[in-house]
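Here's the structure, in structure tokens; my notes come after.
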Amino acid sequence: MMHRSPGGPGLLRRALLAGTAGVLAAAGLAGAAGTADAASTLGASAAAKGRYFGTAVAAGHLGESAYASTLDTEFTAVTPENEMKWDAVEATRNSFNFASADQIVAHAQGKNMKVRGHTLVWHSQLPGWVGGLSAIDLRTAMNNHITQVMTHYKGKIYAWDVVNEAYQDGSSGARRSSPFQDKLGDGYIEEAFRTARSVDPNAKLCYNDYNTDGQNAKSNAVYAMVKDFKQRGVPIDCVGFQSHFNSASPVPSDYRANLQRFADLGVDVQITELDIEGSGSAQATSYTNVVNACLAVTRCTGITVWGITDKYSWRSSGTPLLFDGNYGKKAAYTAVLSALGGSGSGGGGGGTASCTAAYSLTQSWNGGFNGQVTVTAGSAAITGWTVTVTVTPPQKVSATWNGTPSWDSSGNVMTMKPNGNGNLAAGASTSFGFTVTSNGTTTAPKVGSCTAS
Ligand code: XIL
């Protein structure tokens with residue numbers, strides 16, 4: 001395994017060590033700068049990619065310490081799961097109750113988390129009184145609702161889902177029936193966005209929907225609406241893709257392309273309610289695909305999962321989240337962290353295989369020195385690596401360890417590959433070493449770039 005260097009430092013040579021090391025250091029050790037430590041939480045890893053990583057939060061669970069600590073450790077954004085919905089804040093006309101939503105917003109602000117406001121105009125979780133109004137009254141009530149809620153949270157919300165789920169599923173591309181659609185007609189969405197902009201001009205205004213994650217009749221209809229809004233100057237800043245997936249509704253193969261076409265209209269895109277039913281590596285792979293799609297779209301500003309732990313998921317039986325019922329990190333968690341470039345182990349399949357090689361001098365003596373090369377995988381797991389080390393004649397490499405070397409005809413260029421298993425998790429490192437016999441030359445070896453497979 002390890003071949004001892006033939007000329008290790010003897011006691012009499014001690015005095016020379018510092019001097020020789022100094023010469024080598026001054027010669028500039030190729031790649032000596034290490035790779036920055038990979039972030040080890042979802043939020044920090046996403047932040048390193050310029051994005052937030054959020055979760056839906058229920059006010060009723062904030063008192064559970066494991067819930068709160070997982071939230072605070074891993075996430076940089078929150079969406080109240082139900083607390084800002086119409087039935088929660090205005091169950092009775094013009095009587096507003098913000099207590100539960102305020103709890104979430106206060107918690108988030110205390111931790112510097114973004115808040116996504118969810119949602120102002122939606123056919124569901126809508127109190128019965130709204131459906132009973134005449135058209136004129138409904139218009140007033142809708143605008144009043146938007147105004148009161150957005151005023152209460154003015155300056156505290158990163159993005160609002162102004163209108164949620166306004167389109168039908170299936171091939172029609174038609175609007176969904178709702179009190180708003182049925183009484184106010186197509187124009188209610190535009191009106192809601194205009195009112196929203198007038199109340200809090202600093203909040204991003206989003207349209208949010210599900211089954212719009214790939215290109216289909218429904219997403220085409222939303223696309224046409226957003227395009228029209230942008231052309232006519234109707235204020236819209238973002239489109240939310242709920243991304244509730246399971247085996248019947250898997251991550252679409254054109255997910256990234258769909259996000260990109262919306263982004264190309266001049267809006268941000270966000271993944272707003274991500275959950276993927278399943279378990280193990282299949283679930284992990286789907287999560288990886290979603291993260292990679294967002295990372296590939298510059299205007300994809302963040303990802304929100306629809307809950308922290310499987311036990312509180314709205315689809316609990318499908319175990320669709322990143323933490324199990326005991327807040328244990330699932331394979332899906334590791335995959336997401338890894339895809340975000342974090343320091344999780346395992347989780348393969350995400351991103352492009354890459355690696356870096358960094359040289360350091362570990363020992364020197366009169367007549368030779370030992371070098372070490374640390375190989376670090378990039379944002380995806382790798383299964384192998386290749387690094388070249390070139391020494392300056394008449395130097396010779398006289399021993400190596402933790403690698404399998406091969407040589408060019410000159411004997412100066414050593415190509416090092418793993419000893420057996422070359423697997424490295426995303427962000428993980430290994431190292432190999434070698435002894436150089438100086439033969440009068442103390443020049444540091446040149447370490448070439450790392451090639452991953
Ligand atoms: C869900 C919540 O998670 C549940 O607790 C609630 O009972 C129903 O609503 N689309 C949305 C979310 O926009 O608001 C929904 O949240 C899930 C589907």
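If you're wondering about the labels, chains in the structure tokens are A, B, ... by order shown, residues count from 1 in each chain, ligands from 1 in order shown.
With the cut-off set to 8 Å and only C-alpha atoms and all ligand atoms counted, the residues surrounding ligand 1 are A:Ala56, A:Glu81, A:Asn82, A:Lys85, A:His118, A:Thr119, A:Gln125, A:Asn164, A:Glu165, A:Asn208, A:Asp209, A:Tyr210, A:Gln242, A:His244, A:Glu273, A:Trp306, A:Gly307, A:Ser313, A:Trp314.
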Could you write out the selected residues, including C-alpha atoms, as a PDB file, in the first residue's frame?
```pdb
ATOM      1  CA  ALA A  56     -44.393  25.365   3.806  1.00  0.00           C
ATOM      2  CA  GLU A  81     -49.329  26.385   4.436  1.00  0.00           C
ATOM      3  CA  ASN A  82     -52.880  27.542   5.205  1.00  0.00           C
ATOM      4  CA  LYS A  85     -55.667  31.749   2.814  1.00  0.00           C
ATOM      5  CA  HIS A 118     -49.971  32.316  -0.214  1.00  0.00           C
ATOM      6  CA  THR A 119     -52.529  33.114  -1.509  1.00  0.00           C
ATOM      7  CA  GLN A 125     -60.409  27.470   1.057  1.00  0.00           C
ATOM      8  CA  ASN A 164     -53.768  30.528  -7.501  1.00  0.00           C
ATOM      9  CA  GLU A 165     -55.001  27.719  -9.759  1.00  0.00           C
ATOM     10  CA  ASN A 208     -49.200  29.965  -9.135  1.00  0.00           C
ATOM     11  CA  ASP A 209     -50.583  26.653 -10.420  1.00  0.00           C
ATOM     12  CA  TYR A 210     -50.131  22.869 -10.595  1.00  0.00           C
ATOM     13  CA  GLN A 242     -46.395  23.902  -7.528  1.00  0.00           C
ATOM     14  CA  HIS A 244     -46.731  18.099  -6.638  1.00  0.00           C
ATOM     15  CA  GLU A 273     -44.952  23.539  -3.405  1.00  0.00           C
ATOM     16  CA  TRP A 306     -44.490  21.659   0.735  1.00  0.00           C
ATOM     17  CA  GLY A 307     -43.613  20.788   4.294  1.00  0.00           C
ATOM     18  CA  SER A 313     -47.455  16.427   4.864  1.00  0.00           C
ATOM     19  CA  TRP A 314     -50.855  17.002   3.292  1.00  0.00           C
TER      20      TRP A 314
END
```
Residue list (strand (DSSP E), DSSP) for region 47-125 of chain A, as a VMD selection string = chain A and resid 52 to 57 77 to 80 114 to 121
task = For Met225 (chain A), work out the shell of residues within 12 Å, counting only C-alpha atoms and skipping chain neighbours fewer than 3 positions away, then give it as number ranges by chain.
result = A: 166-167, 173-175, 186-187, 189-190, 207, 218-222, 228-236, 239, 262, 265
inquiry  = Could you go through region 301-400 of chain A and tell me which residues DSSP, when run on the backbone, assigns to helix (DSSP H, G or I), listing them as a ChimeraX atom specification?
reply    = /A:310-312,316-318,331-339
ask   = Quick one: residues within 8 Å of region 388-399 of chain A, only C-alpha atoms counted, chain neighbours fewer than 3 positions away excluded, as JSON, numbers by chain?
value = {"A": [3, 4, 5, 6, 411, 412, 413, 414, 415, 416, 434, 435, 436, 437, 438, 439, 440, 441, 443, 444, 445, 446, 447, 448, 449, 450]}
Selection file, N, CA, C and O atoms, as an mmCIF file, in the first residue's frame:
```cif
data_model
loop_
_atom_site.group_PDB
_atom_site.id
_atom_site.type_symbol
_atom_site.label_atom_id
_atom_site.label_comp_id
_atom_site.auth_asym_id
_atom_site.auth_seq_id
_atom_site.Cartn_x
_atom_site.Cartn_y
_atom_site.Cartn_z
ATOM 1 N N HIS A 3 4.363 2.882 0.062
ATOM 2 C CA HIS A 3 5.791 2.599 -0.093
ATOM 3 C C HIS A 3 6.533 3.683 0.654
ATOM 4 O O HIS A 3 6.304 4.858 0.418
ATOM 5 N N ARG A 4 7.410 3.271 1.542
ATOM 6 C CA ARG A 4 8.126 4.304 2.294
ATOM 7 C C ARG A 4 9.076 5.040 1.394
ATOM 8 O O ARG A 4 9.677 4.470 0.490
ATOM 9 N N SER A 5 9.171 6.318 1.630
ATOM 10 C CA SER A 5 10.080 7.095 0.799
ATOM 11 C C SER A 5 11.507 6.650 1.090
ATOM 12 O O SER A 5 11.857 6.367 2.234
ATOM 13 N N PRO A 6 12.321 6.552 0.048
ATOM 14 C CA PRO A 6 13.680 6.044 0.232
ATOM 15 C C PRO A 6 14.555 6.994 1.026
ATOM 16 O O PRO A 6 15.472 6.560 1.686
ATOM 17 N N GLY A 411 8.896 9.544 -18.474
ATOM 18 C CA GLY A 411 8.965 9.237 -17.043
ATOM 19 C C GLY A 411 8.710 10.455 -16.176
ATOM 20 O O GLY A 411 8.766 10.374 -14.953
ATOM 21 N N ASN A 412 8.427 11.600 -16.807
ATOM 22 C CA ASN A 412 8.200 12.819 -16.026
ATOM 23 C C ASN A 412 6.731 13.051 -15.711
ATOM 24 O O ASN A 412 6.395 13.795 -14.795
ATOM 25 N N VAL A 413 5.848 12.481 -16.507
ATOM 26 C CA VAL A 413 4.417 12.725 -16.335
ATOM 27 C C VAL A 413 3.747 11.478 -15.774
ATOM 28 O O VAL A 413 3.714 10.431 -16.415
ATOM 29 N N MET A 414 3.246 11.624 -14.561
ATOM 30 C CA MET A 414 2.571 10.509 -13.899
ATOM 31 C C MET A 414 1.067 10.755 -13.998
ATOM 32 O O MET A 414 0.580 11.832 -13.658
ATOM 33 N N THR A 415 0.346 9.762 -14.498
ATOM 34 C CA THR A 415 -1.115 9.856 -14.536
ATOM 35 C C THR A 415 -1.664 8.987 -13.420
ATOM 36 O O THR A 415 -1.440 7.776 -13.407
ATOM 37 N N MET A 416 -2.346 9.633 -12.487
ATOM 38 C CA MET A 416 -2.810 8.902 -11.304
ATOM 39 C C MET A 416 -4.314 8.673 -11.383
ATOM 40 O O MET A 416 -5.078 9.577 -11.700
ATOM 41 N N PHE A 434 2.964 10.972 -3.064
ATOM 42 C CA PHE A 434 4.115 10.489 -3.821
ATOM 43 C C PHE A 434 5.386 11.115 -3.253
ATOM 44 O O PHE A 434 5.359 12.171 -2.606
ATOM 45 N N THR A 435 6.479 10.412 -3.498
ATOM 46 C CA THR A 435 7.802 10.912 -3.103
ATOM 47 C C THR A 435 8.576 11.298 -4.351
ATOM 48 O O THR A 435 8.572 10.548 -5.337
ATOM 49 N N VAL A 436 9.166 12.461 -4.341
ATOM 50 C CA VAL A 436 10.011 12.901 -5.445
ATOM 51 C C VAL A 436 11.465 12.925 -4.964
ATOM 52 O O VAL A 436 11.766 13.490 -3.911
ATOM 53 N N THR A 437 12.323 12.286 -5.733
ATOM 54 C CA THR A 437 13.759 12.404 -5.494
ATOM 55 C C THR A 437 14.232 13.622 -6.278
ATOM 56 O O THR A 437 14.029 13.704 -7.496
ATOM 57 N N SER A 438 14.790 14.587 -5.580
ATOM 58 C CA SER A 438 15.060 15.895 -6.202
ATOM 59 C C SER A 438 16.150 15.844 -7.272
ATOM 60 O O SER A 438 16.066 16.554 -8.276
ATOM 61 N N ASN A 439 17.208 15.090 -7.044
ATOM 62 C CA ASN A 439 18.373 15.097 -7.938
ATOM 63 C C ASN A 439 18.846 16.519 -8.206
ATOM 64 O O ASN A 439 19.200 16.875 -9.341
ATOM 65 N N GLY A 440 18.756 17.342 -7.184
ATOM 66 C CA GLY A 440 19.277 18.708 -7.272
ATOM 67 C C GLY A 440 18.252 19.765 -7.635
ATOM 68 O O GLY A 440 18.557 20.954 -7.646
ATOM 69 N N THR A 441 17.022 19.369 -7.943
ATOM 70 C CA THR A 441 16.001 20.349 -8.359
ATOM 71 C C THR A 441 14.824 20.321 -7.395
ATOM 72 O O THR A 441 14.235 19.261 -7.184
ATOM 73 N N THR A 443 12.053 22.236 -7.682
ATOM 74 C CA THR A 443 10.823 22.762 -8.285
ATOM 75 C C THR A 443 9.609 21.919 -7.876
ATOM 76 O O THR A 443 9.675 20.692 -7.865
ATOM 77 N N ALA A 444 8.513 22.601 -7.544
ATOM 78 C CA ALA A 444 7.294 21.881 -7.162
ATOM 79 C C ALA A 444 6.691 21.182 -8.376
ATOM 80 O O ALA A 444 6.780 21.681 -9.496
ATOM 81 N N PRO A 445 6.098 20.034 -8.186
ATOM 82 C CA PRO A 445 5.451 19.344 -9.307
ATOM 83 C C PRO A 445 4.261 20.147 -9.819
ATOM 84 O O PRO A 445 3.632 20.886 -9.060
ATOM 85 N N LYS A 446 3.975 19.980 -11.099
ATOM 86 C CA LYS A 446 2.785 20.622 -11.680
ATOM 87 C C LYS A 446 1.636 19.616 -11.644
ATOM 88 O O LYS A 446 1.756 18.505 -12.163
ATOM 89 N N VAL A 447 0.553 20.020 -11.016
ATOM 90 C CA VAL A 447 -0.609 19.137 -10.928
ATOM 91 C C VAL A 447 -1.635 19.610 -11.957
ATOM 92 O O VAL A 447 -2.063 20.769 -11.925
ATOM 93 N N GLY A 448 -1.970 18.733 -12.880
ATOM 94 C CA GLY A 448 -2.926 19.099 -13.927
ATOM 95 C C GLY A 448 -4.346 19.111 -13.383
ATOM 96 O O GLY A 448 -4.597 18.807 -12.220
ATOM 97 N N SER A 449 -5.278 19.483 -14.255
ATOM 98 C CA SER A 449 -6.659 19.542 -13.798
ATOM 99 C C SER A 449 -7.192 18.130 -13.574
ATOM 100 O O SER A 449 -6.650 17.160 -14.098
ATOM 101 N N CYS A 450 -8.223 18.046 -12.796
ATOM 102 C CA CYS A 450 -8.815 16.754 -12.451
ATOM 103 C C CYS A 450 -9.911 16.415 -13.471
ATOM 104 O O CYS A 450 -10.722 17.267 -13.818
#
```
request  = Kindly give the distance, in Å, that separates CA of Ala46 (chain A) and CA of Arg116 (chain A), rounded to a single decimal.
outcome  =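 The value is 16.5 Å.
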query = For Arg51 (chain A), which residue out of A:Asp237, A:Asp200, A:Glu191, A:Asp268 is the nearest one, using only C-alpha atoms?
reply = A:Asp268
request  = Pick out the closest residue to Ser69 (chain A) from this set: A:Ala38, A:Leu274, A:Ile308, A:Met142. Count only C-alpha atoms.
outcome  =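 Using only C-alpha atoms, the shortest distance to Ser69 (chain A) belongs to A:Ile308.
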Among listed residues A:Tyr333, A:Ser409, A:Thr212, A:Thr442, nearest Asn370 (chain A) (using only C-alpha atoms) =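 Smallest separation from Asn370 (chain A) among the options: A:Thr442.
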ask   = What separation in Å, quoted to one decimal, exists between CA of Phe241 (chain A) and CA of Gln270 (chain A)?
value =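 These two atoms are separated by 6.2 Å.
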ask   = Counting only C-alpha atoms, what is within 10 Å of Lys156 (chain A), bar same-chain residues fewer than 6 positions away, as an NGL selection string?
value = :A and (105-106 or 108-109 or 114-117 or 150 or 200 or 202-203)
I need the chosen residues saved as a PDB file, in the first residue's frame, with N, CA and C atoms.
```
ATOM      1  N   VAL A 105     -44.808  34.683  10.125  1.00  0.00           N
ATOM      2  CA  VAL A 105     -44.029  35.796   9.575  1.00  0.00           C
ATOM      3  C   VAL A 105     -43.013  36.288  10.612  1.00  0.00           C
ATOM      4  N   ALA A 106     -43.449  36.365  11.868  1.00  0.00           N
ATOM      5  CA  ALA A 106     -42.523  36.818  12.919  1.00  0.00           C
ATOM      6  C   ALA A 106     -41.361  35.832  13.058  1.00  0.00           C
ATOM      7  N   ALA A 108     -40.180  33.832  10.805  1.00  0.00           N
ATOM      8  CA  ALA A 108     -39.329  33.948   9.614  1.00  0.00           C
ATOM      9  C   ALA A 108     -38.459  35.205   9.692  1.00  0.00           C
ATOM     10  N   GLN A 109     -39.067  36.302  10.090  1.00  0.00           N
ATOM     11  CA  GLN A 109     -38.285  37.548  10.156  1.00  0.00           C
ATOM     12  C   GLN A 109     -37.171  37.445  11.190  1.00  0.00           C
ATOM     13  N   LYS A 114     -37.015  34.496   3.932  1.00  0.00           N
ATOM     14  CA  LYS A 114     -38.001  35.115   3.048  1.00  0.00           C
ATOM     15  C   LYS A 114     -39.381  34.532   3.363  1.00  0.00           C
ATOM     16  N   VAL A 115     -40.418  35.297   3.041  1.00  0.00           N
ATOM     17  CA  VAL A 115     -41.778  34.780   3.182  1.00  0.00           C
ATOM     18  C   VAL A 115     -42.474  34.869   1.824  1.00  0.00           C
ATOM     19  N   ARG A 116     -43.037  33.737   1.411  1.00  0.00           N
ATOM     20  CA  ARG A 116     -43.918  33.760   0.236  1.00  0.00           C
ATOM     21  C   ARG A 116     -45.352  33.861   0.749  1.00  0.00           C
ATOM     22  N   GLY A 117     -46.063  34.837   0.280  1.00  0.00           N
ATOM     23  CA  GLY A 117     -47.455  35.011   0.685  1.00  0.00           C
ATOM     24  C   GLY A 117     -48.343  34.115  -0.161  1.00  0.00           C
ATOM     25  N   MET A 150     -52.478  42.505   1.988  1.00  0.00           N
ATOM     26  CA  MET A 150     -51.155  42.980   1.552  1.00  0.00           C
ATOM     27  C   MET A 150     -50.691  44.183   2.357  1.00  0.00           C
ATOM     28  N   ASP A 200     -48.539  46.920  -2.542  1.00  0.00           N
ATOM     29  CA  ASP A 200     -47.146  46.701  -2.124  1.00  0.00           C
ATOM     30  C   ASP A 200     -46.263  46.573  -3.359  1.00  0.00           C
ATOM     31  N   ASN A 202     -43.264  46.605  -3.727  1.00  0.00           N
ATOM     32  CA  ASN A 202     -41.983  45.907  -3.573  1.00  0.00           C
ATOM     33  C   ASN A 202     -42.095  44.393  -3.511  1.00  0.00           C
ATOM     34  N   ALA A 203     -43.307  43.889  -3.386  1.00  0.00           N
ATOM     35  CA  ALA A 203     -43.471  42.431  -3.372  1.00  0.00           C
ATOM     36  C   ALA A 203     -43.523  41.926  -4.810  1.00  0.00           C
TER      37      ALA A 203
END
```
task = Using only C-alpha atoms, pick whichever of A:Asp324, A:Asn419, A:Gly433, A:Gly403 has the shortest atom-to-atom distance to Gln363 (chain A).
result =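 Smallest separation from Gln363 (chain A) among the options: A:Gly433.
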